[in-house]
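Chemist: Enclosed is the structure file structure-v1.cif (mmCIF, C-alpha atoms).
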data_final
#
loop_
_atom_site.label_atom_id
_atom_site.label_comp_id
_atom_site.auth_asym_id
_atom_site.auth_seq_id
_atom_site.Cartn_x
_atom_site.Cartn_y
_atom_site.Cartn_z
CA MET A 1 15.71 6.42 -34.26
CA ILE A 2 14.66 5.70 -30.69
CA GLY A 3 12.09 3.00 -30.05
CA VAL A 4 9.92 3.93 -27.08
CA TYR A 5 8.27 1.07 -25.21
CA GLN A 6 5.75 1.81 -22.49
CA GLN A 7 4.46 -0.40 -19.74
CA LYS A 8 0.91 -1.47 -20.52
CA GLY A 9 -1.55 1.12 -19.28
CA ILE A 10 0.50 4.30 -19.52
CA GLN A 11 0.44 6.91 -22.28
CA PHE A 12 3.41 9.26 -22.21
CA PHE A 13 4.70 8.88 -25.76
CA ASP A 14 3.80 12.40 -26.90
CA VAL A 15 5.67 13.96 -23.95
CA ILE A 16 8.71 11.75 -24.59
CA LYS A 17 8.72 12.37 -28.34
CA GLU A 18 8.61 16.14 -27.83
CA ALA A 19 11.40 16.12 -25.22
CA LEU A 20 13.70 14.02 -27.39
CA ARG A 21 13.04 16.14 -30.46
CA LYS A 22 13.35 19.51 -28.72
CA HIS A 23 16.33 18.85 -26.45
CA LEU A 24 18.38 16.21 -28.29
CA ASN A 25 17.12 16.63 -31.87
CA LEU A 26 16.29 12.92 -32.02
CA ASP A 27 13.35 11.16 -33.61
CA SER A 28 11.39 8.50 -31.79
CA LEU A 29 8.75 5.96 -32.64
CA HIS A 30 6.17 4.41 -30.34
CA ALA A 31 7.36 0.82 -30.48
CA GLY A 32 4.60 -0.73 -28.40
CA PHE A 33 3.69 -1.77 -24.92
CA PHE A 34 5.37 -4.34 -22.72
CA ALA A 35 4.52 -6.22 -19.56
CA LEU A 36 6.82 -6.50 -16.58
CA THR A 37 7.91 -10.03 -15.77
CA SER A 38 7.60 -11.48 -12.29
CA ASN A 39 11.36 -12.15 -12.10
CA SER A 40 12.05 -8.39 -12.06
CA TYR A 41 10.04 -7.85 -8.85
CA ASN A 42 11.81 -7.99 -5.50
CA PRO A 43 9.19 -8.78 -2.83
CA ILE A 44 11.54 -7.84 0.00
CA LYS A 45 12.11 -4.32 -1.36
CA GLN A 46 8.64 -4.17 -2.95
CA GLN A 47 10.30 -2.67 -6.01
CA TYR A 48 11.41 -3.75 -9.46
CA ASP A 49 15.08 -4.33 -10.27
CA ALA A 50 15.87 -1.90 -13.09
CA SER A 51 18.67 -4.08 -14.50
CA THR A 52 16.31 -7.03 -14.81
CA VAL A 53 13.61 -4.87 -16.42
CA ILE A 54 16.19 -3.62 -18.93
CA ARG A 55 17.33 -7.16 -19.67
CA ASP A 56 13.73 -8.29 -20.17
CA LEU A 57 12.98 -5.26 -22.35
CA THR A 58 16.09 -5.98 -24.42
CA ASP A 59 14.87 -9.55 -24.96
CA GLN A 60 11.29 -8.45 -25.81
CA SER A 61 12.06 -5.46 -28.04
CA SER A 62 13.14 -5.04 -31.62
CA SER A 63 16.79 -4.46 -32.41
CA LYS A 64 15.81 -2.37 -35.45
CA PHE A 65 16.12 0.79 -33.34
CA ASN A 66 19.43 2.55 -32.71
CA LEU A 67 18.37 3.16 -29.10
CA ARG A 68 15.51 1.81 -27.00
CA LEU A 69 13.73 3.42 -24.07
CA GLY A 70 11.34 1.71 -21.69
CA VAL A 71 8.96 3.72 -19.52
CA VAL A 72 7.30 2.13 -16.49
CA GLU A 73 5.06 3.37 -13.71
CA VAL A 74 6.44 1.10 -10.97
CA ASP A 75 9.06 1.84 -8.34
CA ILE A 76 12.54 0.78 -9.52
CA TYR A 77 15.90 0.39 -7.85
CA ALA A 78 19.50 -0.39 -8.71
CA HIS A 79 21.78 -2.46 -6.52
CA GLY A 80 23.17 -0.33 -3.72
CA MET A 81 20.48 2.34 -4.06
CA ASN A 82 17.10 2.68 -2.36
CA PHE A 83 15.43 3.88 -5.56
CA ILE A 84 16.22 5.42 -8.92
CA PHE A 85 14.30 7.54 -11.42
CA GLY A 86 15.94 5.83 -14.37
CA MET A 87 18.86 3.79 -15.63
CA ALA A 88 20.80 3.47 -18.85
CA GLU A 89 22.86 0.57 -20.12
CA PRO A 90 24.91 2.05 -22.98
CA LEU A 91 26.39 -1.28 -24.09
CA LYS A 92 22.86 -2.62 -24.63
CA ARG A 93 21.74 0.77 -25.98
CA VAL A 94 18.67 0.56 -23.73
CA ALA A 95 17.42 2.94 -21.03
CA LEU A 96 14.59 2.78 -18.52
CA VAL A 97 12.65 5.57 -16.80
CA SER A 98 10.06 5.20 -14.06
CA THR A 99 7.24 7.68 -13.51
CA TYR A 100 6.54 6.27 -10.04
CA ARG A 101 8.43 8.91 -8.04
CA LEU A 102 7.92 11.65 -10.64
CA ALA A 103 4.17 11.87 -10.00
CA GLY A 104 2.41 15.11 -9.25
CA ASP A 105 1.61 18.30 -11.10
CA LYS A 106 5.14 18.42 -12.57
CA ILE A 107 5.14 14.89 -13.95
CA THR A 108 5.53 15.84 -17.63
CA GLU A 109 8.46 18.18 -16.92
CA ARG A 110 10.12 15.63 -14.63
CA LEU A 111 9.59 12.82 -17.12
CA SER A 112 11.08 14.95 -19.89
CA LYS A 113 14.16 15.61 -17.78
CA GLU A 114 14.66 11.96 -16.89
CA VAL A 115 14.16 10.79 -20.48
CA VAL A 116 16.69 13.32 -21.82
CA HIS A 117 19.09 12.39 -18.99
CA GLU A 118 18.97 8.64 -19.65
CA ILE A 119 19.16 8.98 -23.44
CA GLY A 120 22.10 11.33 -22.83
CA HIS A 121 23.87 8.41 -21.15
CA LEU A 122 23.13 6.21 -24.17
CA LEU A 123 24.76 8.90 -26.31
CA GLY A 124 27.89 8.69 -24.18
CA LEU A 125 27.37 11.53 -21.72
CA GLU A 126 28.41 11.15 -18.08
CA HIS A 127 26.96 12.94 -15.06
CA CYS A 128 27.64 16.67 -15.11
CA SER A 129 28.80 18.76 -12.15
CA ASN A 130 26.54 21.67 -13.20
CA PRO A 131 23.40 21.34 -11.00
CA SER A 132 21.22 23.02 -13.63
CA CYS A 133 22.27 20.64 -16.44
CA VAL A 134 19.91 17.79 -17.24
CA MET A 135 22.90 15.42 -16.96
CA HIS A 136 23.41 16.30 -13.30
CA PHE A 137 22.69 13.31 -11.04
CA SER A 138 19.32 13.56 -9.29
CA ASN A 139 19.28 12.09 -5.82
CA THR A 140 15.93 13.71 -4.93
CA LEU A 141 12.93 15.22 -6.68
CA ASN A 142 14.24 18.65 -5.65
CA ASP A 143 17.38 17.92 -7.69
CA THR A 144 15.22 16.98 -10.67
CA ASP A 145 13.01 20.03 -10.27
CA TYR A 146 16.03 22.35 -10.04
CA LYS A 147 17.75 21.27 -13.22
CA ASN A 148 16.82 22.29 -16.76
CA VAL A 149 15.43 19.94 -19.39
CA GLY A 150 18.30 20.75 -21.73
CA LEU A 151 22.01 20.13 -21.76
CA CYS A 152 24.48 22.73 -20.52
CA ASN A 153 26.93 24.14 -23.07
CA ASN A 154 29.72 21.79 -21.92
CA CYS A 155 27.60 18.66 -22.35
CA ARG A 156 26.05 19.83 -25.63
CA ILE A 157 29.52 19.97 -27.23
CA TYR A 158 29.84 16.19 -26.87
CA ILE A 159 26.72 15.27 -28.83
CA GLU A 160 26.70 17.86 -31.60
#
Translate this structure into structure tokens?
Modeler:
Amino acid sequence: MIGVYQQKGIQFFDVIKEALRKHLNLDSLHAGFFALTSNSYNPIKQQYDASTVIRDLTDQSSSKFNLRLGVVEVDIYAHGMNFIFGMAEPLKRVALVSTYRLAGDKITERLSKEVVHEIGHLLGLEHCSNPSCVMHFSNTLNDTDYKNVGLCNNCRIYIE
């Protein structure tokens, strides 16, 4: 069971639940809302540090779930990168996805892809070389838009 935590003020649970069920055959539960802490914000970059948000979410969330997913609407980054769409920390069994750069008329499709991608990492999948596989690394929105929501046959073998 995946516990889905959303930043206060956003409502994407139904999209996330459907994507996880349809593409990974996983159940999810809306686990509540959470607030970002001030220590996760980097005023120089004017972004939130994804690792810190994940750490804070891990501290604030229930360990009763096998996996946990946080969804935020702020711009996030990882060290060494200008921005990211999401991040997974498999050892903590927690992932984070941001809708900030996914906005637009394709937001639900893009969010579905990023959620499946990050949960795929929590399930042990690495980045895939197939550009149409959801596990392919997205460096741009064009990369995200190009790939499918589902896993390619090679990646699917590892989680079935």
Chemist: Got a sec to resolve the PyMOL selection byres ((chain A and resi 25) around 12) on this structure and send the residues as a PDB file with C-alpha atoms, in the coordinates of the input?
Modeler:
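Resulting contents of result_38.pdb:
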ATOM      1  CA  MET A   1      15.710   6.420 -34.260  1.00  0.00           C
ATOM      2  CA  ILE A   2      14.660   5.700 -30.690  1.00  0.00           C
ATOM      3  CA  LYS A  17       8.720  12.370 -28.340  1.00  0.00           C
ATOM      4  CA  GLU A  18       8.610  16.140 -27.830  1.00  0.00           C
ATOM      5  CA  ALA A  19      11.400  16.120 -25.220  1.00  0.00           C
ATOM      6  CA  LEU A  20      13.700  14.020 -27.390  1.00  0.00           C
ATOM      7  CA  ARG A  21      13.040  16.140 -30.460  1.00  0.00           C
ATOM      8  CA  LYS A  22      13.350  19.510 -28.720  1.00  0.00           C
ATOM      9  CA  HIS A  23      16.330  18.850 -26.450  1.00  0.00           C
ATOM     10  CA  LEU A  24      18.380  16.210 -28.290  1.00  0.00           C
ATOM     11  CA  LEU A  26      16.290  12.920 -32.020  1.00  0.00           C
ATOM     12  CA  ASP A  27      13.350  11.160 -33.610  1.00  0.00           C
ATOM     13  CA  SER A  28      11.390   8.500 -31.790  1.00  0.00           C
ATOM     14  CA  VAL A 116      16.690  13.320 -21.820  1.00  0.00           C
ATOM     15  CA  ILE A 119      19.160   8.980 -23.440  1.00  0.00           C
ATOM     16  CA  GLY A 120      22.100  11.330 -22.830  1.00  0.00           C
ATOM     17  CA  GLY A 150      18.300  20.750 -21.730  1.00  0.00           C
ATOM     18  CA  LEU A 151      22.010  20.130 -21.760  1.00  0.00           C
ATOM     19  CA  ARG A 156      26.050  19.830 -25.630  1.00  0.00           C
ATOM     20  CA  ILE A 159      26.720  15.270 -28.830  1.00  0.00           C
ATOM     21  CA  GLU A 160      26.700  17.860 -31.600  1.00  0.00           C
TER      22      GLU A 160
END
Chemist: What is the CA of His121 in chain A-CA of Gln46 in chain A distance in Å, reported with one decimal?
Modeler: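 It comes out at 26.9 Å.
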Chemist: Go through A:Glu109, A:Tyr48, A:Tyr158, A:Asn66 and flag the residue nearest Gly124 in chain A, using only C-alpha atoms for the distances.
Modeler: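 Looking at the shortest contact to Gly124 in chain A, the residue is A:Tyr158.
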Chemist: Which one is closest to His30 in chain A: A:Gln47, A:Gln6, A:Asn130, A:Thr52? Count only C-alpha atoms.
Modeler: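 Ranking A:Gln47, A:Gln6, A:Asn130, A:Thr52 by distance to His30 in chain A, first place goes to A:Gln6.
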Chemist: Here's the selection I'm unsure about, the PyMOL selection byres ((chain A and resi 134) around 12); applied to the file above, which residues does it give, as an mmCIF file with C-alpha atoms, in the frame of the given file?
Modeler:
data_model
loop_
_atom_site.group_PDB
_atom_site.id
_atom_site.type_symbol
_atom_site.label_atom_id
_atom_site.label_comp_id
_atom_site.auth_asym_id
_atom_site.auth_seq_id
_atom_site.Cartn_x
_atom_site.Cartn_y
_atom_site.Cartn_z
ATOM 1 C CA ALA A 19 11.400 16.120 -25.220
ATOM 2 C CA HIS A 23 16.330 18.850 -26.450
ATOM 3 C CA LEU A 24 18.380 16.210 -28.290
ATOM 4 C CA GLU A 109 8.460 18.180 -16.920
ATOM 5 C CA ARG A 110 10.120 15.630 -14.630
ATOM 6 C CA LEU A 111 9.590 12.820 -17.120
ATOM 7 C CA SER A 112 11.080 14.950 -19.890
ATOM 8 C CA LYS A 113 14.160 15.610 -17.780
ATOM 9 C CA GLU A 114 14.660 11.960 -16.890
ATOM 10 C CA VAL A 115 14.160 10.790 -20.480
ATOM 11 C CA VAL A 116 16.690 13.320 -21.820
ATOM 12 C CA HIS A 117 19.090 12.390 -18.990
ATOM 13 C CA GLU A 118 18.970 8.640 -19.650
ATOM 14 C CA ILE A 119 19.160 8.980 -23.440
ATOM 15 C CA GLY A 120 22.100 11.330 -22.830
ATOM 16 C CA HIS A 121 23.870 8.410 -21.150
ATOM 17 C CA LEU A 125 27.370 11.530 -21.720
ATOM 18 C CA GLU A 126 28.410 11.150 -18.080
ATOM 19 C CA HIS A 127 26.960 12.940 -15.060
ATOM 20 C CA CYS A 128 27.640 16.670 -15.110
ATOM 21 C CA SER A 129 28.800 18.760 -12.150
ATOM 22 C CA ASN A 130 26.540 21.670 -13.200
ATOM 23 C CA PRO A 131 23.400 21.340 -11.000
ATOM 24 C CA SER A 132 21.220 23.020 -13.630
ATOM 25 C CA CYS A 133 22.270 20.640 -16.440
ATOM 26 C CA MET A 135 22.900 15.420 -16.960
ATOM 27 C CA HIS A 136 23.410 16.300 -13.300
ATOM 28 C CA PHE A 137 22.690 13.310 -11.040
ATOM 29 C CA SER A 138 19.320 13.560 -9.290
ATOM 30 C CA ASP A 143 17.380 17.920 -7.690
ATOM 31 C CA THR A 144 15.220 16.980 -10.670
ATOM 32 C CA ASP A 145 13.010 20.030 -10.270
ATOM 33 C CA TYR A 146 16.030 22.350 -10.040
ATOM 34 C CA LYS A 147 17.750 21.270 -13.220
ATOM 35 C CA ASN A 148 16.820 22.290 -16.760
ATOM 36 C CA VAL A 149 15.430 19.940 -19.390
ATOM 37 C CA GLY A 150 18.300 20.750 -21.730
ATOM 38 C CA LEU A 151 22.010 20.130 -21.760
ATOM 39 C CA CYS A 152 24.480 22.730 -20.520
ATOM 40 C CA ASN A 153 26.930 24.140 -23.070
ATOM 41 C CA ASN A 154 29.720 21.790 -21.920
ATOM 42 C CA CYS A 155 27.600 18.660 -22.350
ATOM 43 C CA ARG A 156 26.050 19.830 -25.630
#
Chemist: If you count all atoms listed in the file, which residues fall within 6 Å of range 97-108 of chain A, apart from same-chain ones fewer than 4 positions away, as a list in words?
Modeler: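 Counting only the stated atoms, we get Val71, Val72, Glu73, Val74, Asp75, Phe85 and Gly86 of chain A.
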Chemist: Report as a PDB file with C-alpha atoms, in the frame of the given file all protein, DNA and RNA residues lying within 7 Å of Ala78 in chain A, evaluated on all atoms listed in the file, omitting residues in the same chain fewer than 6 positions from it.
Modeler:
ATOM      1  CA  ASP A  49      15.080  -4.330 -10.270  1.00  0.00           C
ATOM      2  CA  ALA A  50      15.870  -1.900 -13.090  1.00  0.00           C
ATOM      3  CA  SER A  51      18.670  -4.080 -14.500  1.00  0.00           C
ATOM      4  CA  ILE A  84      16.220   5.420  -8.920  1.00  0.00           C
TER       5      ILE A  84
END
Chemist: Could the centre and edge lengths of an axis-aligned box, enclosing all atoms of range 80-90 of chain A in the file with 4 Å extra on each side, be given in Å to one decimal as AutoDock Vina command-line options?
Modeler:
--center_x 19.6 --center_y 3.6 --center_z -12.7 --size_x 18.6 --size_y 15.9 --size_z 28.6
Chemist: Evaluate the PyMOL selection byres ((chain A and resi 39) around 9) against this structure - the residues, as a ChimeraX atom specification, please.
Modeler: /A:36-38,40-42,48-49,52-53
Chemist: Using all atoms listed in the file, can you tell me which of A:Gly32, A:Gly3, A:Gly9, A:Gly80 comes closest to Ala95 in chain A?
Modeler: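 Using all atoms listed in the file, Ala95 in chain A sits closest to A:Gly3.
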Chemist: Compile the contact shell of Gln7 in chain A as a ChimeraX atom specification: residues with an atom at most 6 Å away, counting only C-alpha atoms, same-chain residues fewer than 6 positions apart removed.
Modeler: /A:33-35,72
Chemist: Have a look at CA of Pro90 in chain A and CA of Leu123 in chain A and let me know their distance in Å, one decimal.
Modeler: 7.6 Å
Chemist: Any chance you could build range 93-122 of chain A out to N, CA and C atoms and write it as a PDB file, keeping the file's coordinate frame?
Modeler:
ATOM      1  N   ARG A  93      22.427  -0.325 -25.288  1.00  0.00           N
ATOM      2  CA  ARG A  93      21.740   0.770 -25.980  1.00  0.00           C
ATOM      3  C   ARG A  93      20.259   0.846 -25.574  1.00  0.00           C
ATOM      4  N   VAL A  94      20.022   0.568 -24.284  1.00  0.00           N
ATOM      5  CA  VAL A  94      18.670   0.560 -23.730  1.00  0.00           C
ATOM      6  C   VAL A  94      18.661   1.371 -22.438  1.00  0.00           C
ATOM      7  N   ALA A  95      17.604   2.168 -22.257  1.00  0.00           N
ATOM      8  CA  ALA A  95      17.420   2.940 -21.030  1.00  0.00           C
ATOM      9  C   ALA A  95      16.026   2.681 -20.493  1.00  0.00           C
ATOM     10  N   LEU A  96      15.868   2.974 -19.200  1.00  0.00           N
ATOM     11  CA  LEU A  96      14.590   2.780 -18.520  1.00  0.00           C
ATOM     12  C   LEU A  96      14.328   3.997 -17.650  1.00  0.00           C
ATOM     13  N   VAL A  97      13.077   4.466 -17.658  1.00  0.00           N
ATOM     14  CA  VAL A  97      12.650   5.570 -16.800  1.00  0.00           C
ATOM     15  C   VAL A  97      11.361   5.151 -16.117  1.00  0.00           C
ATOM     16  N   SER A  98      11.262   5.480 -14.828  1.00  0.00           N
ATOM     17  CA  SER A  98      10.060   5.200 -14.060  1.00  0.00           C
ATOM     18  C   SER A  98       9.351   6.502 -13.714  1.00  0.00           C
ATOM     19  N   THR A  99       8.037   6.515 -13.886  1.00  0.00           N
ATOM     20  CA  THR A  99       7.240   7.680 -13.510  1.00  0.00           C
ATOM     21  C   THR A  99       6.795   7.614 -12.050  1.00  0.00           C
ATOM     22  N   TYR A 100       7.070   6.516 -11.376  1.00  0.00           N
ATOM     23  CA  TYR A 100       6.540   6.270 -10.040  1.00  0.00           C
ATOM     24  C   TYR A 100       6.818   7.408  -9.064  1.00  0.00           C
ATOM     25  N   ARG A 101       8.047   7.853  -8.985  1.00  0.00           N
ATOM     26  CA  ARG A 101       8.430   8.910  -8.040  1.00  0.00           C
ATOM     27  C   ARG A 101       8.385  10.307  -8.677  1.00  0.00           C
ATOM     28  N   LEU A 102       8.001  10.370  -9.939  1.00  0.00           N
ATOM     29  CA  LEU A 102       7.920  11.650 -10.640  1.00  0.00           C
ATOM     30  C   LEU A 102       6.501  12.224 -10.597  1.00  0.00           C
ATOM     31  N   ALA A 103       5.592  11.505  -9.998  1.00  0.00           N
ATOM     32  CA  ALA A 103       4.170  11.870 -10.000  1.00  0.00           C
ATOM     33  C   ALA A 103       3.934  13.250  -9.402  1.00  0.00           C
ATOM     34  N   GLY A 104       2.797  13.801  -9.747  1.00  0.00           N
ATOM     35  CA  GLY A 104       2.410  15.110  -9.250  1.00  0.00           C
ATOM     36  C   GLY A 104       2.143  16.064 -10.399  1.00  0.00           C
ATOM     37  N   ASP A 105       1.957  17.325 -10.073  1.00  0.00           N
ATOM     38  CA  ASP A 105       1.610  18.300 -11.100  1.00  0.00           C
ATOM     39  C   ASP A 105       2.765  18.613 -12.043  1.00  0.00           C
ATOM     40  N   LYS A 106       3.976  18.184 -11.716  1.00  0.00           N
ATOM     41  CA  LYS A 106       5.140  18.420 -12.570  1.00  0.00           C
ATOM     42  C   LYS A 106       5.592  17.158 -13.304  1.00  0.00           C
ATOM     43  N   ILE A 107       4.719  16.171 -13.412  1.00  0.00           N
ATOM     44  CA  ILE A 107       5.140  14.890 -13.950  1.00  0.00           C
ATOM     45  C   ILE A 107       5.673  14.984 -15.386  1.00  0.00           C
ATOM     46  N   THR A 108       5.052  15.779 -16.247  1.00  0.00           N
ATOM     47  CA  THR A 108       5.530  15.840 -17.630  1.00  0.00           C
ATOM     48  C   THR A 108       6.905  16.489 -17.718  1.00  0.00           C
ATOM     49  N   GLU A 109       7.143  17.535 -16.933  1.00  0.00           N
ATOM     50  CA  GLU A 109       8.460  18.180 -16.920  1.00  0.00           C
ATOM     51  C   GLU A 109       9.509  17.224 -16.343  1.00  0.00           C
ATOM     52  N   ARG A 110       9.178  16.567 -15.251  1.00  0.00           N
ATOM     53  CA  ARG A 110      10.120  15.630 -14.630  1.00  0.00           C
ATOM     54  C   ARG A 110      10.420  14.453 -15.549  1.00  0.00           C
ATOM     55  N   LEU A 111       9.390  13.926 -16.186  1.00  0.00           N
ATOM     56  CA  LEU A 111       9.590  12.820 -17.120  1.00  0.00           C
ATOM     57  C   LEU A 111      10.479  13.245 -18.278  1.00  0.00           C
ATOM     58  N   SER A 112      10.241  14.433 -18.805  1.00  0.00           N
ATOM     59  CA  SER A 112      11.080  14.950 -19.890  1.00  0.00           C
ATOM     60  C   SER A 112      12.536  15.010 -19.472  1.00  0.00           C
ATOM     61  N   LYS A 113      12.788  15.502 -18.275  1.00  0.00           N
ATOM     62  CA  LYS A 113      14.160  15.610 -17.780  1.00  0.00           C
ATOM     63  C   LYS A 113      14.814  14.233 -17.636  1.00  0.00           C
ATOM     64  N   GLU A 114      14.086  13.295 -17.090  1.00  0.00           N
ATOM     65  CA  GLU A 114      14.660  11.960 -16.890  1.00  0.00           C
ATOM     66  C   GLU A 114      14.898  11.238 -18.214  1.00  0.00           C
ATOM     67  N   VAL A 115      13.991  11.408 -19.164  1.00  0.00           N
ATOM     68  CA  VAL A 115      14.160  10.790 -20.480  1.00  0.00           C
ATOM     69  C   VAL A 115      15.391  11.370 -21.176  1.00  0.00           C
ATOM     70  N   VAL A 116      15.521  12.691 -21.180  1.00  0.00           N
ATOM     71  CA  VAL A 116      16.690  13.320 -21.820  1.00  0.00           C
ATOM     72  C   VAL A 116      17.963  12.890 -21.105  1.00  0.00           C
ATOM     73  N   HIS A 117      17.924  12.810 -19.779  1.00  0.00           N
ATOM     74  CA  HIS A 117      19.090  12.390 -18.990  1.00  0.00           C
ATOM     75  C   HIS A 117      19.528  10.973 -19.377  1.00  0.00           C
ATOM     76  N   GLU A 118      18.605  10.036 -19.377  1.00  0.00           N
ATOM     77  CA  GLU A 118      18.970   8.640 -19.650  1.00  0.00           C
ATOM     78  C   GLU A 118      19.399   8.435 -21.103  1.00  0.00           C
ATOM     79  N   ILE A 119      18.726   9.084 -22.035  1.00  0.00           N
ATOM     80  CA  ILE A 119      19.160   8.980 -23.440  1.00  0.00           C
ATOM     81  C   ILE A 119      20.526   9.648 -23.597  1.00  0.00           C
ATOM     82  N   GLY A 120      20.774  10.718 -22.838  1.00  0.00           N
ATOM     83  CA  GLY A 120      22.100  11.330 -22.830  1.00  0.00           C
ATOM     84  C   GLY A 120      23.183  10.327 -22.479  1.00  0.00           C
ATOM     85  N   HIS A 121      22.910   9.470 -21.494  1.00  0.00           N
ATOM     86  CA  HIS A 121      23.870   8.410 -21.150  1.00  0.00           C
ATOM     87  C   HIS A 121      24.079   7.457 -22.317  1.00  0.00           C
ATOM     88  N   LEU A 122      22.992   7.115 -23.015  1.00  0.00           N
ATOM     89  CA  LEU A 122      23.130   6.210 -24.170  1.00  0.00           C
ATOM     90  C   LEU A 122      23.958   6.848 -25.278  1.00  0.00           C
TER      91      LEU A 122
END
